[in-house]
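Asker: My questions will all concern the structure given below.
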Amino acid sequence: MTRNMICIGCPMGCELTVEVEDGKAVSVTGNTCGIGKKYAETEVSAPTRMVTSTVMSEAGIPVPVKTRTAVPKDRIFDVMKDIKNARLPLPARIGDVAITDAAGTGVAVVVTKDVG
Ligand code: SF4
């Protein structure tokens, strides 16, 4: 099977063509660098995404956050539920951990902007 996808590794957005056998990428073309090859291989076998959002502070002010690393794509909804239910004391500083283990993925959610 052939899958076409656009690499999200950088703004160039290379158009990738991936030959897939038994749920694995056996060849990748169209990539300009190694990031595209790795992206295609991961996207075929176990797609992941960074999640960016806001956690509400106890004072009612939203605090920008993101997952420290990418999480499995099929867990994004659960991660967003944890983010929605979390509350942060202020002040919040860049790098503060808002959630230590989002939805049991083992991935922390961290503050991306100083607030308060
Ligand atoms: S393959 Fe490399 S150059 Fe092309 S979009 Fe992905 S990261 Fe950017």
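Residues are referred to by chain and number: the chain letter is A, B, ... according to the order shown in the structure tokens, the number counts from 1 in that chain, and ligands are numbered separately from 1 in the order shown.
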Please give me, as a list in words, the residues lying within 8 Å of ligand 1 when counting only C-alpha atoms and all ligand atoms.
Answerer: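 I would give the residues around ligand 1 as Ile6, Cys7, Ile8, Gly9, Cys10, Pro11, Met12, Gly13, Cys14, Glu15, Leu16, Gly30, Asn31, Thr32, Cys33, Gly34, Ile35, Gly36, Lys37 and Tyr39 of chain A.
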Asker: List the neighbours of region 66-76 of chain A out to 7 Å using only C-alpha atoms; skip same-chain residues closer than 3 positions along the sequence, and give me the result as a list in words.
Answerer: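 The residues satisfying every condition are Ala46, Pro47, Thr48, Arg49, Met50, Val51, Thr52, Ser53, Val79, Met80, Thr105, Val107, Ala108, Val109, Val110, Val111 and Thr112 of chain A.
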Asker: Please identify which residues in region 27-62 of chain A DSSP calls helix (DSSP H, G or I) from the backbone, and express them as number ranges by chain.
Answerer: A: 34-45
Asker: List every residue of chain A that DSSP, applied to the backbone of this structure, places in strand (DSSP E), and write the result as a short mmCIF file (atom, residue, chain, number, x, y, z; two decimals) with N, CA and C atoms, in the first residue's frame.
Answerer:
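Just written: out-v7.cif:
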data_model
loop_
_atom_site.label_atom_id
_atom_site.label_comp_id
_atom_site.auth_asym_id
_atom_site.auth_seq_id
_atom_site.Cartn_x
_atom_site.Cartn_y
_atom_site.Cartn_z
N THR A 2 0.44 2.27 -0.70
CA THR A 2 1.18 3.53 -0.73
C THR A 2 0.39 4.59 0.03
N ARG A 3 1.09 5.31 0.90
CA ARG A 3 0.46 6.44 1.60
C ARG A 3 1.20 7.72 1.26
N ASN A 4 0.42 8.78 1.04
CA ASN A 4 1.01 10.09 0.82
C ASN A 4 0.74 10.95 2.04
N MET A 5 1.75 11.69 2.44
CA MET A 5 1.58 12.57 3.59
C MET A 5 2.51 13.76 3.46
N ILE A 6 2.22 14.78 4.23
CA ILE A 6 3.07 15.97 4.24
C ILE A 6 3.83 16.00 5.55
N GLU A 15 6.37 16.71 0.55
CA GLU A 15 5.34 15.71 0.25
C GLU A 15 6.00 14.34 0.23
N LEU A 16 5.60 13.49 1.14
CA LEU A 16 6.22 12.18 1.30
C LEU A 16 5.37 11.10 0.67
N THR A 17 6.03 10.14 0.07
CA THR A 17 5.37 8.94 -0.42
C THR A 17 5.95 7.76 0.35
N VAL A 18 5.06 7.01 0.97
CA VAL A 18 5.51 5.94 1.86
C VAL A 18 4.94 4.61 1.39
N GLU A 19 5.83 3.65 1.16
CA GLU A 19 5.38 2.29 0.85
C GLU A 19 5.22 1.55 2.17
N VAL A 20 4.02 1.00 2.40
CA VAL A 20 3.70 0.36 3.68
C VAL A 20 3.45 -1.12 3.47
N GLU A 21 4.11 -1.92 4.30
CA GLU A 21 3.86 -3.37 4.29
C GLU A 21 3.72 -3.83 5.73
N LYS A 24 4.16 -1.30 8.47
CA LYS A 24 5.45 -0.62 8.64
C LYS A 24 5.88 0.03 7.34
N ALA A 25 6.59 1.16 7.48
CA ALA A 25 7.11 1.85 6.30
C ALA A 25 8.34 1.11 5.79
N VAL A 26 8.31 0.67 4.55
CA VAL A 26 9.47 -0.02 3.98
C VAL A 26 10.28 0.90 3.07
N SER A 27 9.67 1.99 2.60
CA SER A 27 10.45 2.99 1.89
C SER A 27 9.77 4.35 1.99
N VAL A 28 10.58 5.38 2.06
CA VAL A 28 10.07 6.76 2.14
C VAL A 28 10.79 7.57 1.08
N THR A 29 10.03 8.29 0.25
CA THR A 29 10.63 9.20 -0.73
C THR A 29 9.96 10.56 -0.62
N THR A 48 2.21 10.07 16.65
CA THR A 48 2.23 10.87 17.87
C THR A 48 2.09 12.35 17.51
N ARG A 49 1.70 13.14 18.52
CA ARG A 49 1.58 14.58 18.32
C ARG A 49 1.94 15.30 19.62
N THR A 52 -0.66 21.29 22.47
CA THR A 52 -0.55 22.62 23.06
C THR A 52 -1.95 23.07 23.44
N SER A 53 -2.03 23.72 24.59
CA SER A 53 -3.34 24.17 25.07
C SER A 53 -3.13 25.18 26.17
N THR A 54 -4.14 25.38 27.01
CA THR A 54 -4.01 26.22 28.20
C THR A 54 -4.62 25.48 29.38
N VAL A 55 -3.97 25.66 30.54
CA VAL A 55 -4.52 25.17 31.81
C VAL A 55 -5.03 26.40 32.54
N MET A 56 -6.20 26.28 33.13
CA MET A 56 -6.76 27.41 33.89
C MET A 56 -6.03 27.54 35.23
N SER A 57 -5.67 28.74 35.57
CA SER A 57 -5.07 28.96 36.89
C SER A 57 -6.19 29.05 37.93
N PRO A 62 -5.97 31.90 32.08
CA PRO A 62 -5.42 30.75 31.36
C PRO A 62 -3.90 30.81 31.25
N VAL A 63 -3.25 29.66 31.42
CA VAL A 63 -1.79 29.55 31.36
C VAL A 63 -1.42 28.64 30.18
N PRO A 64 -0.66 29.16 29.19
CA PRO A 64 -0.29 28.33 28.04
C PRO A 64 0.60 27.15 28.45
N VAL A 65 0.31 25.98 27.90
CA VAL A 65 1.06 24.76 28.22
C VAL A 65 1.26 23.93 26.96
N LYS A 66 2.18 22.97 27.06
CA LYS A 66 2.32 21.96 26.01
C LYS A 66 2.83 20.67 26.63
N THR A 67 2.64 19.57 25.93
CA THR A 67 3.23 18.33 26.41
C THR A 67 4.74 18.41 26.21
N VAL A 71 2.71 12.77 22.33
CA VAL A 71 1.93 11.67 22.92
C VAL A 71 1.27 10.88 21.80
N PRO A 72 0.92 9.62 22.06
CA PRO A 72 0.23 8.84 21.02
C PRO A 72 -1.04 9.57 20.55
N ARG A 87 -5.79 22.68 37.51
CA ARG A 87 -5.76 24.08 37.96
C ARG A 87 -4.35 24.38 38.44
N LEU A 88 -3.85 25.55 38.12
CA LEU A 88 -2.48 25.92 38.49
C LEU A 88 -2.49 27.12 39.42
N VAL A 97 5.88 22.33 35.88
CA VAL A 97 5.09 21.16 35.50
C VAL A 97 3.64 21.37 35.95
N ALA A 98 2.74 21.39 34.99
CA ALA A 98 1.32 21.56 35.28
C ALA A 98 0.67 20.22 35.57
N ILE A 99 1.09 19.18 34.85
CA ILE A 99 0.57 17.82 35.03
C ILE A 99 1.79 16.89 34.90
N VAL A 109 2.99 17.74 31.24
CA VAL A 109 2.51 18.96 30.58
C VAL A 109 3.19 20.13 31.28
N VAL A 110 3.84 20.99 30.52
CA VAL A 110 4.65 22.07 31.12
C VAL A 110 4.17 23.45 30.64
N VAL A 111 4.42 24.42 31.47
CA VAL A 111 4.04 25.81 31.19
C VAL A 111 4.98 26.37 30.12
#
Asker: Rank nothing, just name the residue among A:Glu43, A:Asn85, A:Ala92, A:Ala102 nearest to Gly116 (chain A), using only C-alpha atoms.
Answerer: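 Of A:Glu43, A:Asn85, A:Ala92, A:Ala102, the one nearest Gly116 (chain A), counting only C-alpha atoms, is A:Ala92.
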